[in-house]
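Report on the structure given below.
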Protein chains: 2
Amino acid sequence: MCSQSSNLEALFKPKNIAIIGASADVKKIGGRPIDYLKKYGYTGTIYPINPGRDEIQGVKAYHTVSEVPEPIDLAILAIPASVVLETIEQCAENGVKSAIIFSAGFAETGHEGVEAQQKIEEIASTKGIRLLGPNCLGYANVKEAAMGTFSLMFQKGLPTFSNIGFVSQSGALGAYIFSRGREIGMGFSYWISTGNEVDVQVADVISFLADEENTGVIAVHAEGIKDGVKMQAALQKARDNKKPVVMLKTGRSAVGAKAAASHTASLVGSDAVCDAMLKQYGVYRVNTLRELVDIPYTLSQVKIPKGNRVCAFTNSGGVGIMLADDLSEMGMQLPPLSEDTQKRLLELIPYAGVVNPIDVTATVGTQPNLLKEYLEITCEEGLYDQLIIFLGYSGLQKDIISMRLELLNPVKEKYSHIPMLWANLFTNETRLLFAEKSMPVFEDPLEAAKAAYALSYFANVLNSDAVTPSTIPQPVL
Amino acid sequence: MCSQSSNLEALFKPKNIAIIGASADVKKIGGRPIDYLKKYGYTGTIYPINPGRDEIQGVKAYHTVSEVPEPIDLAILAIPASVVLETIEQCAENGVKSAIIFSAGFAETGHEGVEAQQKIEEIASTKGIRLLGPNCLGYANVKEAAMGTFSLMFQKGLPTFSNIGFVSQSGALGAYIFSRGREIGMGFSYWISTGNEVDVQVADVISFLADEENTGVIAVHAEGIKDGVKMQAALQKARDNKKPVVMLKTGRSAVGAKAAASHTASLVGSDAVCDAMLKQYGVYRVNTLRELVDIPYTLSQVKIPKGNRVCAFTNSGGVGIMLADDLSEMGMQLPPLSEDTQKRLLELIPYAGVVNPIDVTATVGTQPNLLKEYLEITCEEGLYDQLIIFLGYSGLQKDIISMRLELLNPVKEKYSHIPMLWANLFTNETRLLFAEKSMPVFEDPLEAAKAAYALSYFANVLNSDAVTPSTIPQPVL
């Protein structure tokens, strides 16, 4: 096998893109990628390839890849599964550096598909062409608008650009994450789907993102880990580069493992071994789609705090108790405020709970400035690494929440090393007001508590000494 | 102590309501209840009480309760804490059957407050007047628009009427539940806040709701359980009457217990003992606000199924694996479809996963009728008690989801004994389309799985023989 790593740059940061099976119809899978590239402002060169056309969507077209006047970084294969093999061979012979295969119908469907996939694998490993897929949705490089995808979800627009690099083995799961992200104002640097992983694996993408300049947080969905050693090296690199990795690793149960085999032909190893390995490398493992959005988004919005000391503010004593329960059970600390500070706070709101959790009572609804003073006095004390603020249903009213966020923003800016996590109801509209201010907001207080826990986890992981790979048993994956 | 239970009817189904401290200003706490009662169509008699007025908000007013020409069912005390004691005494002497005390500043604030609260308690127990509060937000009887509350959250309107009776010790926590319910289209029969529980406890309310004709599902938030025997009797009654009880019991941790003492002056007992007791009586305990809405709402929308056999449909193989993991870990069963049925399904969509979880692939996006056929064929087979359907981000588009729900509604109606739980992204608007069709919908597949688990739990609990209280050790609470 020849060294291929440099060609990942060609795949994910291509200077030019050829679309094989290009179509003038933007609704067809051979037409949509060209439409996206043009619409979202890709600045590289687009080479539509179609044996019967000289121009497609206003772009000069070529009959074959061999006619293209320069080396091709990336070929998008918008063609049926039956002709994928010969096309990949042609690409490899013509020096194409990388290609994306969307087609389903390979190893996930049984014996014949497995054989076809093996042949493609051979070409990739002997000719040095990097392959993404098959059975994937491709990828989007948001900053450069390099769109290696025909997925309909990009019709509504690209997401905001942010420092979150996301990679998913499952395309539809990834599409959900992308769409939820867009709804809540979360951006991406990369959105990548690896599918059957004939060549490029989730681990390769993590390794790429660990070096990639626009990516600061890495979010991952994996079904199976094909190459444990490669994965360990990738995770070590991410850790060395201080990039937190959040991973949803599915296929824990026997039924789940069986389903994974028929989905992306993944072999799922012992979950306990995998889990131990992920912990060793400081990966934060999540079990829900909600967390696979919430935790990376939080990491992209705030600085990683110094530790696990939390002060909880609520307008509901009952929710304060819940937060105390949840945070304690997670091993977080809730040190009480000093007696002097408690006195200062009681002078402002006589019936407030002022130990920790702090019950700001309904008073702050009519006098929002009191909440600001409470937060400032608490931050000043220097006892806390993070704040959680629960304000019930107030987030449903746009004018109120807009005013409140303006009021509190200076405190957030002044104490930017102390993340403020919000928990309250919101509408699709008011949620974006929080996003604009880079204030993480959660519908349920437990979800805010989990995010606080994740931040503390990374406070610990990314500040401690890196693990030494040789001391860790090699997992059988 | 005299028998007082009959007076709970007077409290929660009052034929007349006196507002002591009535105000002409609808923004004041003495004005708002009158405004609500009029606006939402309370059909009983309203008696504003104010020593200086003969008419308030267009309603004939009285100077004292003694002037009111008939026995008073319910008095709302919209007065400062300092005059609560004497007013309660006056009410008791004039035969008022029940009263609501909103004021804070009693047992939750320290020594003096404890004394004042004890005196009120004495009056209640010797004079037979039922008291809700103090330190509470009152209640709403939705069907009769009996509004014993001044909470601002009712300004936006009453919720839909449904069969969910909700009781919360914490007012602000209850307000969150109410508001989230209204956002997602969930209705209530009753919304009740008990606060410091000088007399009426959460257990009394559960007992009342267990008999109440409009209530079929009981949702509860409790901080402490003051009277374990009373709680057991209430839960037994709910179970005898086949009404599922869903409870968020907070104060599990040491920090949480300490916070509870300062919030509603609750003594929180051993959580393990409490937990065992709740299980014995078939209570479904939840740990998050999200579940305290989702589970009761699900119970109000679908029939309780026969058992725990689930079939999962997804347009994402990856999410199918997650669901298999989550459901297996909960002890749910995912039996495979018969081979004959698998063949029928493969004829419709060749690349589908057809065992269970079922991967309907992206094809159903363009051919929704195929999803209908898949669901019908699966229900026909008779192997499943529940279905979970994950369709990614499709719920964001109003026209698509509206058409799809119309298409699938006949299948839901035909197989109404098999609950269909949906998991997909939605907007505030499209979520209501699901609500209109009584189709439970969740943003995250794990949340749908948890609801499926809760339904199976009640399938087991409400169909099995009732527990015999004498065999259960009395918890020390």
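The way I read the labels, and the way they are meant: chains A, B, ... in the order of the structure tokens, residue 1 as the first residue of every chain, and ligand 1 as the first ligand shown, with later ones counted on from there.
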Select residues of chain B: the criterion is any atom within 6 Å of an atom of chain A, counting only C-alpha atoms; output as a VMD selection string. chain B and resid 170 172 to 173 176 250 to 253 255 to 256 259 263 316 to 318 321 to 322 324 to 325 392 to 393
Which of region 218-425 of chain B end up as alpha helix (DSSP H) when DSSP is run on this backbone - answer as number ranges by chain? B: 228-240, 254-264, 271-280, 289-301, 317-329, 339-348, 363-366, 368-381, 398-414
Out of region 23-89 of chain A, which residues get strand (DSSP E or B) from DSSP, as an MDAnalysis selection string? chainID A and resid 45:49 55:56 59:60 62 74:77
Those residues you just picked out, can you put them in a file as a PDB file, in the first residue's frame with N, CA, C and O atoms?
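Output contents, as saved in part32.pdb:
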ATOM      1  N   THR A  45     -12.004  25.194  -9.794  1.00  0.00           N
ATOM      2  CA  THR A  45     -12.550  24.967 -11.131  1.00  0.00           C
ATOM      3  C   THR A  45     -13.499  23.772 -11.136  1.00  0.00           C
ATOM      4  O   THR A  45     -13.220  22.747 -10.515  1.00  0.00           O
ATOM      5  N   ILE A  46     -14.629  23.919 -11.822  1.00  0.00           N
ATOM      6  CA  ILE A  46     -15.616  22.847 -11.940  1.00  0.00           C
ATOM      7  C   ILE A  46     -15.478  22.208 -13.323  1.00  0.00           C
ATOM      8  O   ILE A  46     -15.475  22.912 -14.338  1.00  0.00           O
ATOM      9  N   TYR A  47     -15.348  20.883 -13.355  1.00  0.00           N
ATOM     10  CA  TYR A  47     -15.264  20.162 -14.635  1.00  0.00           C
ATOM     11  C   TYR A  47     -16.412  19.175 -14.776  1.00  0.00           C
ATOM     12  O   TYR A  47     -16.297  18.021 -14.350  1.00  0.00           O
ATOM     13  N   PRO A  48     -17.515  19.585 -15.391  1.00  0.00           N
ATOM     14  CA  PRO A  48     -18.584  18.618 -15.661  1.00  0.00           C
ATOM     15  C   PRO A  48     -18.091  17.604 -16.704  1.00  0.00           C
ATOM     16  O   PRO A  48     -17.483  17.995 -17.708  1.00  0.00           O
ATOM     17  N   ILE A  49     -18.344  16.303 -16.422  1.00  0.00           N
ATOM     18  CA  ILE A  49     -17.931  15.256 -17.369  1.00  0.00           C
ATOM     19  C   ILE A  49     -19.182  14.556 -17.880  1.00  0.00           C
ATOM     20  O   ILE A  49     -19.963  14.000 -17.097  1.00  0.00           O
ATOM     21  N   GLU A  55     -21.228  21.644 -22.713  1.00  0.00           N
ATOM     22  CA  GLU A  55     -21.501  22.696 -21.717  1.00  0.00           C
ATOM     23  C   GLU A  55     -22.648  22.223 -20.837  1.00  0.00           C
ATOM     24  O   GLU A  55     -23.630  21.661 -21.325  1.00  0.00           O
ATOM     25  N   ILE A  56     -22.490  22.420 -19.546  1.00  0.00           N
ATOM     26  CA  ILE A  56     -23.549  22.015 -18.599  1.00  0.00           C
ATOM     27  C   ILE A  56     -23.705  23.090 -17.530  1.00  0.00           C
ATOM     28  O   ILE A  56     -22.716  23.487 -16.891  1.00  0.00           O
ATOM     29  N   VAL A  59     -21.286  25.840 -17.643  1.00  0.00           N
ATOM     30  CA  VAL A  59     -19.872  25.526 -17.398  1.00  0.00           C
ATOM     31  C   VAL A  59     -19.366  24.627 -18.537  1.00  0.00           C
ATOM     32  O   VAL A  59     -20.074  23.711 -18.971  1.00  0.00           O
ATOM     33  N   LYS A  60     -18.148  24.887 -19.016  1.00  0.00           N
ATOM     34  CA  LYS A  60     -17.572  24.060 -20.081  1.00  0.00           C
ATOM     35  C   LYS A  60     -17.486  22.611 -19.598  1.00  0.00           C
ATOM     36  O   LYS A  60     -16.969  22.331 -18.512  1.00  0.00           O
ATOM     37  N   TYR A  62     -16.599  18.299 -20.336  1.00  0.00           N
ATOM     38  CA  TYR A  62     -15.654  17.425 -21.021  1.00  0.00           C
ATOM     39  C   TYR A  62     -16.281  16.049 -21.185  1.00  0.00           C
ATOM     40  O   TYR A  62     -17.115  15.637 -20.385  1.00  0.00           O
ATOM     41  N   LEU A  74     -10.458  16.077  -7.266  1.00  0.00           N
ATOM     42  CA  LEU A  74     -11.609  15.321  -6.781  1.00  0.00           C
ATOM     43  C   LEU A  74     -12.593  15.030  -7.909  1.00  0.00           C
ATOM     44  O   LEU A  74     -12.978  15.936  -8.645  1.00  0.00           O
ATOM     45  N   ALA A  75     -12.980  13.755  -8.036  1.00  0.00           N
ATOM     46  CA  ALA A  75     -14.045  13.379  -8.975  1.00  0.00           C
ATOM     47  C   ALA A  75     -15.269  12.941  -8.182  1.00  0.00           C
ATOM     48  O   ALA A  75     -15.173  12.097  -7.295  1.00  0.00           O
ATOM     49  N   ILE A  76     -16.419  13.533  -8.514  1.00  0.00           N
ATOM     50  CA  ILE A  76     -17.686  13.118  -7.900  1.00  0.00           C
ATOM     51  C   ILE A  76     -18.362  12.158  -8.859  1.00  0.00           C
ATOM     52  O   ILE A  76     -18.613  12.500 -10.019  1.00  0.00           O
ATOM     53  N   LEU A  77     -18.639  10.926  -8.391  1.00  0.00           N
ATOM     54  CA  LEU A  77     -19.214   9.908  -9.278  1.00  0.00           C
ATOM     55  C   LEU A  77     -20.733   9.869  -9.157  1.00  0.00           C
ATOM     56  O   LEU A  77     -21.286   9.178  -8.299  1.00  0.00           O
TER      57      LEU A  77
END
Could you state the separation of CA of Gln90 (chain A) and CA of Phe208 (chain A) in Å, given to one decimal place?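 According to the coordinates, CA of Gln90 (chain A) and CA of Phe208 (chain A) are separated by 26.5 Å.
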I'd like the neighbourhood of Leu292 (chain A) as a list in words, where a residue qualifies if any of its atoms comes within 8 Å (using only C-alpha atoms), though same-chain residues fewer than 6 positions away should be ignored.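 Selected residues are Ile177, Ala219, Val220, Val246, Met247, Leu248 and Val286 of chain A.
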Restricting it to all heavy atoms, dump the selection as a compact mmCIF listing (two decimals), in the first residue's frame.
# COMPACT_ATOMS: atom_id res chain seq x y z
N ILE A 177 -28.15 15.63 12.02
CA ILE A 177 -27.29 16.51 12.82
C ILE A 177 -27.09 17.85 12.11
O ILE A 177 -27.18 18.91 12.72
CB ILE A 177 -25.92 15.84 13.07
CG1 ILE A 177 -26.08 14.53 13.85
CG2 ILE A 177 -24.96 16.81 13.79
CD1 ILE A 177 -26.59 14.66 15.26
N ALA A 219 -16.66 16.40 16.03
CA ALA A 219 -17.85 15.63 16.41
C ALA A 219 -17.96 14.43 15.49
O ALA A 219 -17.81 14.56 14.27
CB ALA A 219 -19.10 16.51 16.29
N VAL A 220 -18.22 13.26 16.06
CA VAL A 220 -18.10 12.01 15.31
C VAL A 220 -19.28 11.08 15.56
O VAL A 220 -19.70 10.89 16.70
CB VAL A 220 -16.82 11.25 15.76
CG1 VAL A 220 -16.63 9.97 14.93
CG2 VAL A 220 -15.59 12.14 15.70
N VAL A 246 -15.91 14.61 20.42
CA VAL A 246 -17.19 14.12 20.96
C VAL A 246 -17.66 13.02 20.03
O VAL A 246 -17.75 13.23 18.82
CB VAL A 246 -18.23 15.26 21.02
CG1 VAL A 246 -19.56 14.75 21.54
CG2 VAL A 246 -17.71 16.42 21.87
N MET A 247 -17.95 11.83 20.58
CA MET A 247 -18.28 10.71 19.69
C MET A 247 -19.55 9.97 20.11
O MET A 247 -19.74 9.64 21.26
CB MET A 247 -17.11 9.71 19.64
CG MET A 247 -17.29 8.66 18.53
SD MET A 247 -15.99 7.37 18.49
CE MET A 247 -14.56 8.31 17.98
N LEU A 248 -20.39 9.74 19.10
CA LEU A 248 -21.51 8.81 19.27
C LEU A 248 -21.09 7.52 18.59
O LEU A 248 -20.94 7.46 17.38
CB LEU A 248 -22.77 9.38 18.58
CG LEU A 248 -24.00 8.48 18.58
CD1 LEU A 248 -24.60 8.36 19.98
CD2 LEU A 248 -25.07 9.03 17.63
N VAL A 286 -21.02 10.23 23.73
CA VAL A 286 -22.43 10.56 23.97
C VAL A 286 -23.30 9.42 23.44
O VAL A 286 -22.85 8.60 22.63
CB VAL A 286 -22.83 11.89 23.28
CG1 VAL A 286 -22.06 13.05 23.87
CG2 VAL A 286 -22.62 11.81 21.77
Applying 12 Å and only C-alpha atoms, which residues near Ala18 (chain A) remain after dropping the ones on its own chain fewer than 2 positions away? List them as a PyMOL selection string. chain A and resi 11+14-16+20-22+30-31+33-34+37+44-50+59-78+91+96-100+146-148
Could you please determine the separation between CA of Leu405 (chain A) and CA of Thr366 (chain A) in Å, to one decimal place?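 Between CA of Leu405 (chain A) and CA of Thr366 (chain A) the gap works out to 14.8 Å.
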Which residue of A:Ile184, A:Met332, A:Leu371, A:Ile418 approaches Ala449 (chain A) most closely, using only C-alpha atoms: A:Met332
Near-region 304-309 of chain A list (10 Å; only C-alpha atoms; drop same-chain fewer than 5 positions) as JSON, numbers by chain: {"A": [244, 298, 299, 327, 331, 332, 333, 334, 335, 383, 384, 385, 386, 387, 416, 417, 418, 419, 452, 453, 454, 455, 456, 457, 458, 459, 460, 462, 463]}
Nearest residue to Leu345 (chain B) from the set B:Val26, B:Leu375, B:Ala116, B:Ala276 (distances using only C-alpha atoms): B:Leu375
Figure out the distance between CA of Gly216 (chain B) and CA of Ser402 (chain B), please, to one decimal in Å. 28.7 Å
